[in-house]
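Chemist: One file: entry_28.txt (compact mmCIF, N, CA and C atoms and all ligand atoms).
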# COMPACT_ATOMS: atom_id res chain seq x y z
N MET A 1 -5.79 105.65 -4.90
CA MET A 1 -5.32 106.96 -4.45
C MET A 1 -5.34 107.97 -5.58
N GLU A 2 -5.80 109.18 -5.26
CA GLU A 2 -5.89 110.23 -6.27
C GLU A 2 -4.90 111.35 -5.91
N ARG A 3 -4.48 112.10 -6.94
CA ARG A 3 -3.59 113.24 -6.71
C ARG A 3 -4.20 114.51 -7.29
N THR A 4 -3.82 115.63 -6.69
CA THR A 4 -4.28 116.92 -7.21
C THR A 4 -3.18 117.95 -7.02
N LEU A 5 -3.26 119.04 -7.77
CA LEU A 5 -2.32 120.14 -7.57
C LEU A 5 -2.97 121.22 -6.72
N SER A 6 -2.24 121.63 -5.70
CA SER A 6 -2.67 122.74 -4.86
C SER A 6 -1.64 123.86 -4.97
N ILE A 7 -2.12 125.10 -4.94
CA ILE A 7 -1.21 126.25 -4.89
C ILE A 7 -1.65 127.17 -3.75
N ILE A 8 -0.68 127.57 -2.94
CA ILE A 8 -0.92 128.70 -2.04
C ILE A 8 -0.48 129.92 -2.83
N LYS A 9 -1.45 130.77 -3.12
CA LYS A 9 -1.23 131.91 -4.02
C LYS A 9 -0.42 133.01 -3.33
N PRO A 10 0.02 134.03 -4.09
CA PRO A 10 0.87 135.08 -3.50
C PRO A 10 0.28 135.73 -2.24
N ASP A 11 -1.04 135.89 -2.21
CA ASP A 11 -1.65 136.51 -1.01
C ASP A 11 -1.53 135.58 0.20
N GLY A 12 -1.68 134.28 -0.02
CA GLY A 12 -1.56 133.32 1.08
C GLY A 12 -0.15 133.27 1.63
N VAL A 13 0.85 133.31 0.73
CA VAL A 13 2.25 133.27 1.16
C VAL A 13 2.60 134.57 1.89
N SER A 14 2.26 135.73 1.28
CA SER A 14 2.69 137.01 1.87
C SER A 14 1.98 137.30 3.19
N ARG A 15 0.78 136.76 3.35
CA ARG A 15 0.05 136.99 4.61
C ARG A 15 0.39 135.96 5.68
N GLY A 16 1.33 135.07 5.38
CA GLY A 16 1.78 134.11 6.39
C GLY A 16 0.76 133.02 6.67
N LEU A 17 0.01 132.62 5.64
CA LEU A 17 -1.05 131.64 5.84
C LEU A 17 -0.68 130.24 5.35
N ALA A 18 0.59 130.05 4.94
CA ALA A 18 0.99 128.74 4.41
C ALA A 18 0.79 127.64 5.46
N GLY A 19 1.26 127.88 6.68
CA GLY A 19 1.14 126.87 7.73
C GLY A 19 -0.31 126.53 8.03
N GLU A 20 -1.14 127.55 8.09
CA GLU A 20 -2.57 127.36 8.35
C GLU A 20 -3.21 126.49 7.25
N VAL A 21 -2.90 126.80 6.01
CA VAL A 21 -3.48 126.06 4.88
C VAL A 21 -2.99 124.61 4.89
N ILE A 22 -1.68 124.44 5.05
CA ILE A 22 -1.10 123.08 5.05
C ILE A 22 -1.64 122.28 6.24
N GLY A 23 -1.78 122.93 7.39
CA GLY A 23 -2.33 122.26 8.57
C GLY A 23 -3.74 121.73 8.33
N ARG A 24 -4.55 122.53 7.66
CA ARG A 24 -5.92 122.09 7.37
C ARG A 24 -5.90 120.86 6.46
N MET A 25 -5.00 120.86 5.49
CA MET A 25 -4.90 119.71 4.59
C MET A 25 -4.47 118.47 5.36
N GLU A 26 -3.44 118.62 6.17
CA GLU A 26 -2.93 117.46 6.92
C GLU A 26 -3.98 116.93 7.90
N ARG A 27 -4.69 117.81 8.54
CA ARG A 27 -5.73 117.37 9.48
C ARG A 27 -6.89 116.70 8.77
N ALA A 28 -7.03 116.97 7.47
CA ALA A 28 -8.09 116.31 6.67
C ALA A 28 -7.61 114.96 6.13
N GLY A 29 -6.40 114.55 6.52
CA GLY A 29 -5.90 113.24 6.10
C GLY A 29 -5.27 113.24 4.72
N ILE A 30 -4.90 114.42 4.26
CA ILE A 30 -4.27 114.56 2.95
C ILE A 30 -2.76 114.50 3.11
N ARG A 31 -2.10 113.73 2.23
CA ARG A 31 -0.64 113.61 2.26
C ARG A 31 -0.04 114.56 1.23
N ILE A 32 1.01 115.29 1.63
CA ILE A 32 1.72 116.16 0.69
C ILE A 32 2.87 115.35 0.13
N CYS A 33 2.86 115.11 -1.18
CA CYS A 33 3.95 114.29 -1.75
C CYS A 33 4.90 115.08 -2.64
N ALA A 34 4.68 116.39 -2.78
CA ALA A 34 5.66 117.27 -3.42
C ALA A 34 5.32 118.69 -3.04
N MET A 35 6.38 119.52 -2.94
CA MET A 35 6.14 120.93 -2.58
C MET A 35 7.32 121.78 -3.05
N LYS A 36 7.03 122.93 -3.64
CA LYS A 36 8.09 123.88 -3.98
C LYS A 36 7.54 125.31 -4.00
N MET A 37 8.45 126.26 -3.67
CA MET A 37 8.09 127.67 -3.77
C MET A 37 8.67 128.20 -5.06
N VAL A 38 7.83 128.86 -5.86
CA VAL A 38 8.28 129.42 -7.13
C VAL A 38 7.66 130.80 -7.34
N HIS A 39 8.35 131.61 -8.11
CA HIS A 39 7.81 132.92 -8.49
C HIS A 39 7.58 132.88 -10.01
N LEU A 40 6.34 132.77 -10.42
CA LEU A 40 6.01 132.60 -11.83
C LEU A 40 6.31 133.86 -12.63
N THR A 41 6.74 133.67 -13.87
CA THR A 41 6.80 134.78 -14.82
C THR A 41 5.38 134.99 -15.36
N LEU A 42 5.15 136.13 -16.00
CA LEU A 42 3.83 136.40 -16.57
C LEU A 42 3.50 135.35 -17.65
N GLU A 43 4.50 134.99 -18.42
CA GLU A 43 4.31 133.99 -19.46
C GLU A 43 3.87 132.65 -18.85
N GLN A 44 4.51 132.26 -17.76
CA GLN A 44 4.14 131.00 -17.09
C GLN A 44 2.74 131.06 -16.51
N ALA A 45 2.38 132.20 -15.90
CA ALA A 45 1.05 132.35 -15.31
C ALA A 45 -0.02 132.28 -16.41
N LYS A 46 0.27 132.87 -17.56
CA LYS A 46 -0.69 132.83 -18.67
C LYS A 46 -0.84 131.42 -19.20
N MET A 47 0.25 130.66 -19.18
CA MET A 47 0.18 129.26 -19.60
C MET A 47 -0.66 128.46 -18.59
N PHE A 48 -0.42 128.69 -17.30
CA PHE A 48 -1.13 127.94 -16.28
C PHE A 48 -2.64 128.21 -16.34
N TYR A 49 -3.02 129.45 -16.56
CA TYR A 49 -4.44 129.82 -16.58
C TYR A 49 -4.98 129.95 -18.02
N ALA A 50 -4.35 129.26 -18.97
CA ALA A 50 -4.73 129.37 -20.39
C ALA A 50 -6.22 129.10 -20.64
N VAL A 51 -6.83 128.22 -19.86
CA VAL A 51 -8.27 127.94 -20.07
C VAL A 51 -9.12 129.18 -19.86
N HIS A 52 -8.59 130.14 -19.12
CA HIS A 52 -9.36 131.36 -18.83
C HIS A 52 -8.98 132.53 -19.73
N LYS A 53 -8.23 132.27 -20.83
CA LYS A 53 -7.66 133.40 -21.58
C LYS A 53 -8.68 134.33 -22.22
N GLU A 54 -9.92 133.85 -22.43
CA GLU A 54 -10.95 134.73 -23.00
C GLU A 54 -11.73 135.50 -21.93
N ARG A 55 -11.47 135.19 -20.66
CA ARG A 55 -12.25 135.81 -19.59
C ARG A 55 -11.74 137.22 -19.27
N LEU A 56 -12.67 138.05 -18.79
CA LEU A 56 -12.33 139.44 -18.47
C LEU A 56 -11.28 139.52 -17.37
N PHE A 57 -11.26 138.52 -16.49
CA PHE A 57 -10.35 138.59 -15.35
C PHE A 57 -8.96 138.03 -15.65
N PHE A 58 -8.72 137.58 -16.90
CA PHE A 58 -7.47 136.89 -17.24
C PHE A 58 -6.22 137.73 -16.96
N ASP A 59 -6.19 138.98 -17.47
CA ASP A 59 -5.00 139.82 -17.28
C ASP A 59 -4.75 140.08 -15.81
N SER A 60 -5.82 140.38 -15.10
CA SER A 60 -5.69 140.71 -13.69
C SER A 60 -5.22 139.50 -12.87
N VAL A 61 -5.81 138.33 -13.11
CA VAL A 61 -5.44 137.17 -12.28
C VAL A 61 -4.02 136.70 -12.60
N THR A 62 -3.59 136.85 -13.86
CA THR A 62 -2.23 136.43 -14.19
C THR A 62 -1.20 137.40 -13.59
N GLN A 63 -1.55 138.70 -13.57
CA GLN A 63 -0.70 139.68 -12.87
C GLN A 63 -0.59 139.31 -11.40
N PHE A 64 -1.75 139.06 -10.79
CA PHE A 64 -1.79 138.71 -9.38
C PHE A 64 -0.93 137.48 -9.08
N MET A 65 -1.03 136.46 -9.92
CA MET A 65 -0.29 135.21 -9.67
C MET A 65 1.22 135.37 -9.80
N THR A 66 1.65 136.49 -10.43
CA THR A 66 3.08 136.76 -10.56
C THR A 66 3.54 137.83 -9.58
N SER A 67 2.67 138.27 -8.68
CA SER A 67 2.99 139.38 -7.79
C SER A 67 3.91 138.99 -6.64
N GLY A 68 4.16 137.69 -6.48
CA GLY A 68 5.04 137.21 -5.42
C GLY A 68 5.16 135.71 -5.53
N PRO A 69 5.99 135.11 -4.66
CA PRO A 69 6.16 133.66 -4.72
C PRO A 69 4.88 132.91 -4.33
N ILE A 70 4.75 131.73 -4.89
CA ILE A 70 3.64 130.85 -4.56
C ILE A 70 4.21 129.52 -4.08
N ILE A 71 3.39 128.71 -3.42
CA ILE A 71 3.81 127.37 -3.01
C ILE A 71 2.94 126.36 -3.75
N ALA A 72 3.59 125.58 -4.60
CA ALA A 72 2.88 124.54 -5.36
C ALA A 72 3.08 123.21 -4.65
N MET A 73 2.01 122.43 -4.57
CA MET A 73 2.06 121.14 -3.87
C MET A 73 1.29 120.07 -4.64
N VAL A 74 1.78 118.85 -4.56
CA VAL A 74 1.00 117.72 -5.01
C VAL A 74 0.40 117.07 -3.77
N LEU A 75 -0.92 116.94 -3.76
CA LEU A 75 -1.64 116.35 -2.63
C LEU A 75 -2.13 114.96 -3.03
N GLU A 76 -2.14 114.07 -2.05
CA GLU A 76 -2.59 112.71 -2.33
C GLU A 76 -3.53 112.23 -1.22
N ALA A 77 -4.63 111.66 -1.63
CA ALA A 77 -5.60 111.03 -0.73
C ALA A 77 -6.68 110.40 -1.59
N GLU A 78 -7.54 109.63 -0.97
CA GLU A 78 -8.71 109.15 -1.69
C GLU A 78 -9.61 110.36 -1.98
N ASP A 79 -10.09 110.47 -3.20
CA ASP A 79 -11.02 111.55 -3.57
C ASP A 79 -10.47 112.95 -3.25
N VAL A 80 -9.15 113.10 -3.41
CA VAL A 80 -8.50 114.34 -2.93
C VAL A 80 -8.87 115.58 -3.75
N ILE A 81 -9.26 115.40 -5.01
CA ILE A 81 -9.65 116.58 -5.81
C ILE A 81 -10.84 117.26 -5.14
N LYS A 82 -11.84 116.48 -4.81
CA LYS A 82 -13.03 117.03 -4.14
C LYS A 82 -12.73 117.44 -2.70
N LYS A 83 -11.97 116.60 -1.99
CA LYS A 83 -11.61 116.93 -0.60
C LYS A 83 -10.94 118.30 -0.52
N ASN A 84 -9.99 118.53 -1.43
CA ASN A 84 -9.26 119.80 -1.43
C ASN A 84 -10.17 120.95 -1.82
N ARG A 85 -11.03 120.74 -2.84
CA ARG A 85 -11.96 121.80 -3.24
C ARG A 85 -12.93 122.13 -2.08
N ASP A 86 -13.32 121.10 -1.32
CA ASP A 86 -14.19 121.35 -0.16
C ASP A 86 -13.47 122.18 0.91
N LEU A 87 -12.19 121.88 1.14
CA LEU A 87 -11.42 122.67 2.11
C LEU A 87 -11.28 124.12 1.65
N MET A 88 -11.12 124.30 0.32
CA MET A 88 -10.91 125.65 -0.24
C MET A 88 -12.16 126.51 -0.15
N GLY A 89 -13.30 125.95 -0.50
CA GLY A 89 -14.54 126.72 -0.57
C GLY A 89 -14.72 127.34 -1.95
N ALA A 90 -15.86 127.99 -2.15
CA ALA A 90 -16.20 128.57 -3.46
C ALA A 90 -15.20 129.64 -3.87
N THR A 91 -15.06 129.83 -5.19
CA THR A 91 -14.11 130.80 -5.75
C THR A 91 -14.28 132.18 -5.12
N ASN A 92 -15.54 132.63 -5.04
CA ASN A 92 -15.83 133.92 -4.41
C ASN A 92 -16.07 133.69 -2.91
N PRO A 93 -15.25 134.30 -2.06
CA PRO A 93 -15.40 134.07 -0.61
C PRO A 93 -16.81 134.40 -0.10
N LYS A 94 -17.51 135.29 -0.81
CA LYS A 94 -18.89 135.62 -0.40
C LYS A 94 -19.80 134.41 -0.50
N ASP A 95 -19.47 133.49 -1.42
CA ASP A 95 -20.28 132.30 -1.63
C ASP A 95 -19.74 131.08 -0.87
N ALA A 96 -18.57 131.23 -0.26
CA ALA A 96 -17.91 130.08 0.38
C ALA A 96 -18.55 129.75 1.72
N LEU A 97 -18.59 128.46 2.04
CA LEU A 97 -19.17 128.02 3.30
C LEU A 97 -18.26 128.38 4.48
N PRO A 98 -18.87 128.62 5.65
CA PRO A 98 -18.08 128.88 6.86
C PRO A 98 -17.11 127.73 7.11
N GLY A 99 -15.92 128.08 7.57
CA GLY A 99 -14.93 127.05 7.88
C GLY A 99 -14.05 126.67 6.71
N THR A 100 -14.35 127.21 5.52
CA THR A 100 -13.47 126.95 4.37
C THR A 100 -12.34 127.99 4.35
N ILE A 101 -11.26 127.63 3.66
CA ILE A 101 -10.08 128.52 3.60
C ILE A 101 -10.47 129.87 3.00
N ARG A 102 -11.23 129.83 1.92
CA ARG A 102 -11.57 131.09 1.26
C ARG A 102 -12.53 131.94 2.09
N LYS A 103 -13.50 131.30 2.74
CA LYS A 103 -14.41 132.08 3.60
C LYS A 103 -13.62 132.73 4.73
N ASP A 104 -12.69 131.96 5.31
CA ASP A 104 -11.98 132.45 6.49
C ASP A 104 -10.92 133.50 6.15
N PHE A 105 -10.32 133.43 4.94
CA PHE A 105 -9.15 134.27 4.68
C PHE A 105 -9.16 135.09 3.39
N ALA A 106 -9.95 134.71 2.37
CA ALA A 106 -9.83 135.38 1.07
C ALA A 106 -10.29 136.83 1.14
N SER A 107 -9.57 137.71 0.41
CA SER A 107 -9.94 139.13 0.38
C SER A 107 -11.07 139.38 -0.59
N ASP A 108 -11.03 138.72 -1.75
CA ASP A 108 -12.06 138.89 -2.78
C ASP A 108 -12.00 137.71 -3.74
N VAL A 109 -12.78 137.79 -4.83
CA VAL A 109 -12.90 136.66 -5.77
C VAL A 109 -11.56 136.35 -6.46
N GLU A 110 -10.68 137.35 -6.56
CA GLU A 110 -9.37 137.11 -7.18
C GLU A 110 -8.32 136.67 -6.15
N LYS A 111 -8.18 137.44 -5.10
CA LYS A 111 -7.17 137.14 -4.08
C LYS A 111 -7.78 136.16 -3.08
N ASN A 112 -7.82 134.90 -3.53
CA ASN A 112 -8.55 133.90 -2.75
C ASN A 112 -7.68 132.76 -2.22
N ILE A 113 -6.41 133.09 -1.97
CA ILE A 113 -5.48 132.27 -1.15
C ILE A 113 -4.99 130.97 -1.78
N VAL A 114 -5.90 130.20 -2.38
CA VAL A 114 -5.52 128.87 -2.84
C VAL A 114 -6.06 128.55 -4.24
N HIS A 115 -5.33 127.66 -4.89
CA HIS A 115 -5.80 127.03 -6.13
C HIS A 115 -5.91 125.53 -5.89
N GLY A 116 -6.88 124.90 -6.53
CA GLY A 116 -6.95 123.44 -6.52
C GLY A 116 -7.48 122.95 -7.84
N SER A 117 -6.88 121.89 -8.38
CA SER A 117 -7.35 121.33 -9.65
C SER A 117 -8.83 120.98 -9.54
N ASP A 118 -9.54 121.09 -10.69
CA ASP A 118 -10.99 120.87 -10.64
C ASP A 118 -11.44 119.53 -11.21
N GLY A 119 -10.50 118.68 -11.65
CA GLY A 119 -10.88 117.37 -12.17
C GLY A 119 -9.63 116.55 -12.45
N PRO A 120 -9.81 115.26 -12.72
CA PRO A 120 -8.66 114.36 -12.92
C PRO A 120 -7.74 114.80 -14.07
N GLU A 121 -8.32 115.27 -15.20
CA GLU A 121 -7.47 115.66 -16.34
C GLU A 121 -6.67 116.91 -16.00
N THR A 122 -7.34 117.91 -15.42
CA THR A 122 -6.62 119.15 -15.08
C THR A 122 -5.59 118.86 -13.98
N ALA A 123 -5.91 117.95 -13.06
CA ALA A 123 -4.95 117.60 -12.00
C ALA A 123 -3.66 117.05 -12.62
N ALA A 124 -3.81 116.11 -13.55
CA ALA A 124 -2.63 115.50 -14.18
C ALA A 124 -1.82 116.56 -14.93
N GLN A 125 -2.53 117.41 -15.68
CA GLN A 125 -1.90 118.50 -16.44
C GLN A 125 -1.16 119.47 -15.53
N GLU A 126 -1.84 119.89 -14.47
CA GLU A 126 -1.29 120.92 -13.59
C GLU A 126 -0.12 120.39 -12.75
N ILE A 127 -0.19 119.12 -12.35
CA ILE A 127 0.93 118.51 -11.63
C ILE A 127 2.17 118.52 -12.53
N LYS A 128 1.99 118.14 -13.79
CA LYS A 128 3.10 118.12 -14.77
C LYS A 128 3.67 119.51 -15.01
N PHE A 129 2.81 120.51 -14.93
CA PHE A 129 3.26 121.89 -15.14
C PHE A 129 4.34 122.27 -14.13
N PHE A 130 4.19 121.81 -12.88
CA PHE A 130 5.11 122.20 -11.81
C PHE A 130 6.15 121.15 -11.43
N PHE A 131 5.85 119.87 -11.63
CA PHE A 131 6.73 118.82 -11.09
C PHE A 131 7.04 117.75 -12.12
N ASN A 132 8.27 117.23 -12.06
CA ASN A 132 8.57 116.02 -12.81
C ASN A 132 8.46 114.82 -11.87
N ASP A 133 8.49 113.61 -12.42
CA ASP A 133 8.25 112.41 -11.63
C ASP A 133 9.22 112.28 -10.45
N LEU A 134 10.48 112.68 -10.66
CA LEU A 134 11.50 112.55 -9.60
C LEU A 134 11.21 113.44 -8.40
N GLU A 135 10.41 114.48 -8.60
CA GLU A 135 10.13 115.44 -7.52
C GLU A 135 8.91 115.04 -6.69
N ILE A 136 8.26 113.96 -7.09
CA ILE A 136 7.05 113.53 -6.38
C ILE A 136 7.36 112.26 -5.57
N GLN A 137 7.16 112.35 -4.26
CA GLN A 137 7.47 111.21 -3.36
C GLN A 137 6.40 110.14 -3.49
N ARG A 138 6.83 108.91 -3.65
CA ARG A 138 5.89 107.81 -3.83
C ARG A 138 5.39 107.28 -2.49
N1 LIG A 201 -10.99 134.77 -10.72
C1 LIG A 201 -11.22 136.14 -10.72
N2 LIG A 201 -12.49 136.61 -11.01
C2 LIG A 201 -13.52 135.77 -11.32
C3 LIG A 201 -13.28 134.38 -11.34
C4 LIG A 201 -12.02 133.92 -11.03
O1 LIG A 201 -10.31 136.91 -10.44
O2 LIG A 201 -14.63 136.25 -11.58
C5 LIG A 201 -9.64 134.26 -10.39
C6 LIG A 201 -9.58 133.64 -9.00
O3 LIG A 201 -8.29 133.89 -8.45
C7 LIG A 201 -9.79 132.18 -9.31
C8 LIG A 201 -9.03 132.02 -10.61
O4 LIG A 201 -9.28 133.23 -11.31
O5 LIG A 201 -9.34 131.36 -8.26
C9 LIG A 201 -9.44 130.84 -11.47
O6 LIG A 201 -10.83 130.86 -11.65
P1 LIG A 201 -11.72 129.56 -11.52
O7 LIG A 201 -13.06 129.86 -12.06
O8 LIG A 201 -10.98 128.40 -12.12
O9 LIG A 201 -11.86 129.37 -9.92
P2 LIG A 201 -11.25 128.28 -8.92
O10 LIG A 201 -11.16 126.98 -9.67
O11 LIG A 201 -9.90 128.79 -8.48
O12 LIG A 201 -12.22 128.21 -7.79
MG MG A 202 -10.31 126.56 -11.51
Kindly transcribe the structure held in the file into structure tokens.
Ligand code: UDP
Ligand code: MG
Modeler:
Amino acid sequence: MERTLSIIKPDGVSRGLAGEVIGRMERAGIRICAMKMVHLTLEQAKMFYAVHKERLFFDSVTQFMTSGPIIAMVLEAEDVIKKNRDLMGATNPKDALPGTIRKDFASDVEKNIVHGSDGPETAAQEIKFFFNDLEIQR
């Protein structure tokens, strides 16, 4: 069994898309083993997206991620990192396949509804960023 970190971003929460996103995950056979709503500080958002700190979009995306509450989740399934990325679709909704969350709902390349870890190391890191062991259901 593999685990990944998923986030419903501020646009997904404020537009009332949490249920839709979670429903797609559950229907794909993914188990949610931790979930919390948090409102990140700018410092926390910069820490979370530190790998992108040299990118032009860094200031904007970290502002966006602090613009409202988000829902962080630990997802569990076989091959769940890829499964979740497939449900999400490409970063830019223009490039995302039909039927993906981003194609169906994202406003643009920044306000794209969801985050998902991109590999086993980042998944472990990102899960730790939001949850301690006691908060994750076995
Ligand atoms: N992002 C952006 N402009 C870009 C690329 C990314 O605003 O040109 C934002 C977008 O919200 C994206 C996040 O930064 O989801 C992290 O970028 P990454 O390349 O890791 O995309 P993801 O893994 O989320 O598909
Ligand atoms: Mg990424």
Chemist: Enumerate residues in contact with ligand LIG 201 (chain A): an atom-to-atom distance of at most 7 Å, counting all atoms listed in the file. Format the result as JSON, numbers by chain.
Modeler: {"A": [57, 58, 60, 61, 89, 90, 91, 92, 108, 109, 110, 111, 112, 113, 114, 115, 116, 117, 118]}
Chemist: Between A:Lys9, A:Thr100, A:Gly119, A:Glu135, single out the one closest to ligand MG 202 (chain A), counting only N, CA and C atoms and all ligand atoms.
Modeler: A:Gly119
Chemist: Got a sec to tell me which of chain A DSSP assigns to helix (DSSP H, G or I), as a PyMOL selection string?
Modeler: chain A and resi 10-14+18-27+42-48+50-52+58-65+80-88+101-105+120-130+133-135
Chemist: In Å to one decimal, how far is CA of Glu76 in chain A from CA of Glu2 in chain A?
Modeler: 5.7 Å
Chemist: Can you tell me, as an MDAnalysis selection string, what residues are no more than 10 Å from Ala124 in chain A when counting only C-alpha atoms, ignoring any on the same chain fewer than 6 positions away?
Modeler: chainID A and resid 3:5 117
Chemist: Okay, now the selection with N, CA and C atoms, as an mmCIF file, keeping the file's coordinate frame?
Modeler:
data_model
loop_
_atom_site.group_PDB
_atom_site.id
_atom_site.type_symbol
_atom_site.label_atom_id
_atom_site.label_comp_id
_atom_site.auth_asym_id
_atom_site.auth_seq_id
_atom_site.Cartn_x
_atom_site.Cartn_y
_atom_site.Cartn_z
ATOM 1 N N ARG A 3 -4.480 112.100 -6.940
ATOM 2 C CA ARG A 3 -3.590 113.240 -6.710
ATOM 3 C C ARG A 3 -4.200 114.510 -7.290
ATOM 4 N N THR A 4 -3.820 115.630 -6.690
ATOM 5 C CA THR A 4 -4.280 116.920 -7.210
ATOM 6 C C THR A 4 -3.180 117.950 -7.020
ATOM 7 N N LEU A 5 -3.260 119.040 -7.770
ATOM 8 C CA LEU A 5 -2.320 120.140 -7.570
ATOM 9 C C LEU A 5 -2.970 121.220 -6.720
ATOM 10 N N SER A 117 -6.880 121.890 -8.380
ATOM 11 C CA SER A 117 -7.350 121.330 -9.650
ATOM 12 C C SER A 117 -8.830 120.980 -9.540
#
Chemist: To one decimal in Å, tell me the separation between CA of Ile101 in chain A and CA of Asp86 in chain A.
Modeler: 9.1 Å
Chemist: Measure the distance from CA of Ile8 in chain A to CA of Glu78 in chain A in Å and round it to one decimal.
Modeler: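 For CA of Ile8 in chain A relative to CA of Glu78 in chain A, the distance reads 21.0 Å.
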Chemist: Need to verify the contact set: range 18-33 of chain A, 6.5 Å, only N, CA and C atoms, exclusion of same-chain residues closer than 2 positions in sequence. Can you return it as a VMD selection string?
Modeler: chain A and resid 12 to 13 15 to 16 35 73 to 77 135 to 138
Chemist: Name all residues at most 5 Å from Ile71 in chain A (count only N, CA and C atoms; drop same-chain ones fewer than 6 positions away) and give them as a PDB file with N, CA and C atoms, in the frame of the given file.
Modeler:
ATOM      1  N   ILE A   7      -2.120 125.100  -4.940  1.00  0.00           N
ATOM      2  CA  ILE A   7      -1.210 126.250  -4.890  1.00  0.00           C
ATOM      3  C   ILE A   7      -1.650 127.170  -3.750  1.00  0.00           C
ATOM      4  N   ILE A   8      -0.680 127.570  -2.940  1.00  0.00           N
ATOM      5  CA  ILE A   8      -0.920 128.700  -2.040  1.00  0.00           C
ATOM      6  C   ILE A   8      -0.480 129.920  -2.830  1.00  0.00           C
ATOM      7  N   LYS A  36       7.030 122.930  -3.640  1.00  0.00           N
ATOM      8  CA  LYS A  36       8.090 123.880  -3.980  1.00  0.00           C
ATOM      9  C   LYS A  36       7.540 125.310  -4.000  1.00  0.00           C
ATOM     10  N   MET A  37       8.450 126.260  -3.670  1.00  0.00           N
ATOM     11  CA  MET A  37       8.090 127.670  -3.770  1.00  0.00           C
ATOM     12  C   MET A  37       8.670 128.200  -5.060  1.00  0.00           C
TER      13      MET A  37
END
Chemist: Check range 18-135 of chain A with DSSP on the backbone and list each residue it calls strand (DSSP E or B), as a PyMOL selection string.
Modeler: chain A and resi 31-38+70-77+114-116
Chemist: Draw an axis-aligned box tight on the listed atoms of range 37-55 of chain A, then pad every side by 8 Å and write out centre and edge lengths in Å to one decimal as JSON.
Modeler:
{"center_x": -1.8, "center_y": 131.7, "center_z": -13.3, "size_x": 36.9, "size_y": 27.0, "size_z": 35.3}
Chemist: Just checking: using only C-alpha atoms and all ligand atoms, which residue out of A:Ile127, A:Val38, A:Val51, A:Met65 ends up closest to ligand MG 202 (chain A)?
Modeler: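 Checking each of A:Ile127, A:Val38, A:Val51, A:Met65 against ligand MG 202 (chain A), counting only C-alpha atoms and all ligand atoms, the winner is A:Val51.
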Chemist: Just want the 8 Å neighbourhood of Thr66 in chain A, counted on only C-alpha atoms, with same-chain residues fewer than 4 positions away dropped. Output as a PyMOL selection string.
Modeler: chain A and resi 10+39-42+45+62
Chemist: Render range 39-77 of chain A from the structure in the preceding block as a file of C-alpha atoms, as an mmCIF file, in the first residue's frame.
Modeler:
data_model
loop_
_atom_site.group_PDB
_atom_site.id
_atom_site.type_symbol
_atom_site.label_atom_id
_atom_site.label_comp_id
_atom_site.auth_asym_id
_atom_site.auth_seq_id
_atom_site.Cartn_x
_atom_site.Cartn_y
_atom_site.Cartn_z
ATOM 1 C CA HIS A 39 -5.436 28.055 6.782
ATOM 2 C CA LEU A 40 -1.721 28.305 5.988
ATOM 3 C CA THR A 41 0.385 31.312 6.907
ATOM 4 C CA LEU A 42 2.565 32.764 4.148
ATOM 5 C CA GLU A 43 5.618 31.337 5.898
ATOM 6 C CA GLN A 44 4.070 27.847 5.912
ATOM 7 C CA ALA A 45 3.046 28.083 2.248
ATOM 8 C CA LYS A 46 6.595 29.114 1.314
ATOM 9 C CA MET A 47 7.936 26.142 3.250
ATOM 10 C CA PHE A 48 5.499 23.768 1.541
ATOM 11 C CA TYR A 49 6.375 25.021 -1.957
ATOM 12 C CA ALA A 50 10.106 25.557 -1.191
ATOM 13 C CA VAL A 51 11.145 23.460 -4.226
ATOM 14 C CA HIS A 52 9.615 26.167 -6.411
ATOM 15 C CA LYS A 53 11.254 29.146 -4.657
ATOM 16 C CA GLU A 54 13.282 30.172 -7.726
ATOM 17 C CA ARG A 55 10.264 30.051 -10.045
ATOM 18 C CA LEU A 56 8.503 33.171 -11.300
ATOM 19 C CA PHE A 57 5.179 31.900 -9.995
ATOM 20 C CA PHE A 58 6.440 31.324 -6.409
ATOM 21 C CA ASP A 59 5.148 34.566 -4.815
ATOM 22 C CA SER A 60 1.814 34.317 -6.559
ATOM 23 C CA VAL A 61 1.155 30.647 -5.780
ATOM 24 C CA THR A 62 2.130 31.038 -2.118
ATOM 25 C CA GLN A 63 -0.213 34.047 -1.816
ATOM 26 C CA PHE A 64 -2.952 32.002 -3.445
ATOM 27 C CA MET A 65 -2.403 29.042 -1.098
ATOM 28 C CA THR A 66 -2.891 31.364 1.897
ATOM 29 C CA SER A 67 -5.990 33.091 0.473
ATOM 30 C CA GLY A 68 -8.363 30.780 2.370
ATOM 31 C CA PRO A 69 -8.612 27.442 4.137
ATOM 32 C CA ILE A 70 -7.446 24.274 2.437
ATOM 33 C CA ILE A 71 -8.225 20.603 3.099
ATOM 34 C CA ALA A 72 -5.183 18.378 3.501
ATOM 35 C CA MET A 73 -5.633 14.615 3.229
ATOM 36 C CA VAL A 74 -3.553 11.485 3.365
ATOM 37 C CA LEU A 75 -4.707 9.073 0.659
ATOM 38 C CA GLU A 76 -3.965 5.373 0.602
ATOM 39 C CA ALA A 77 -4.222 2.805 -2.188
#
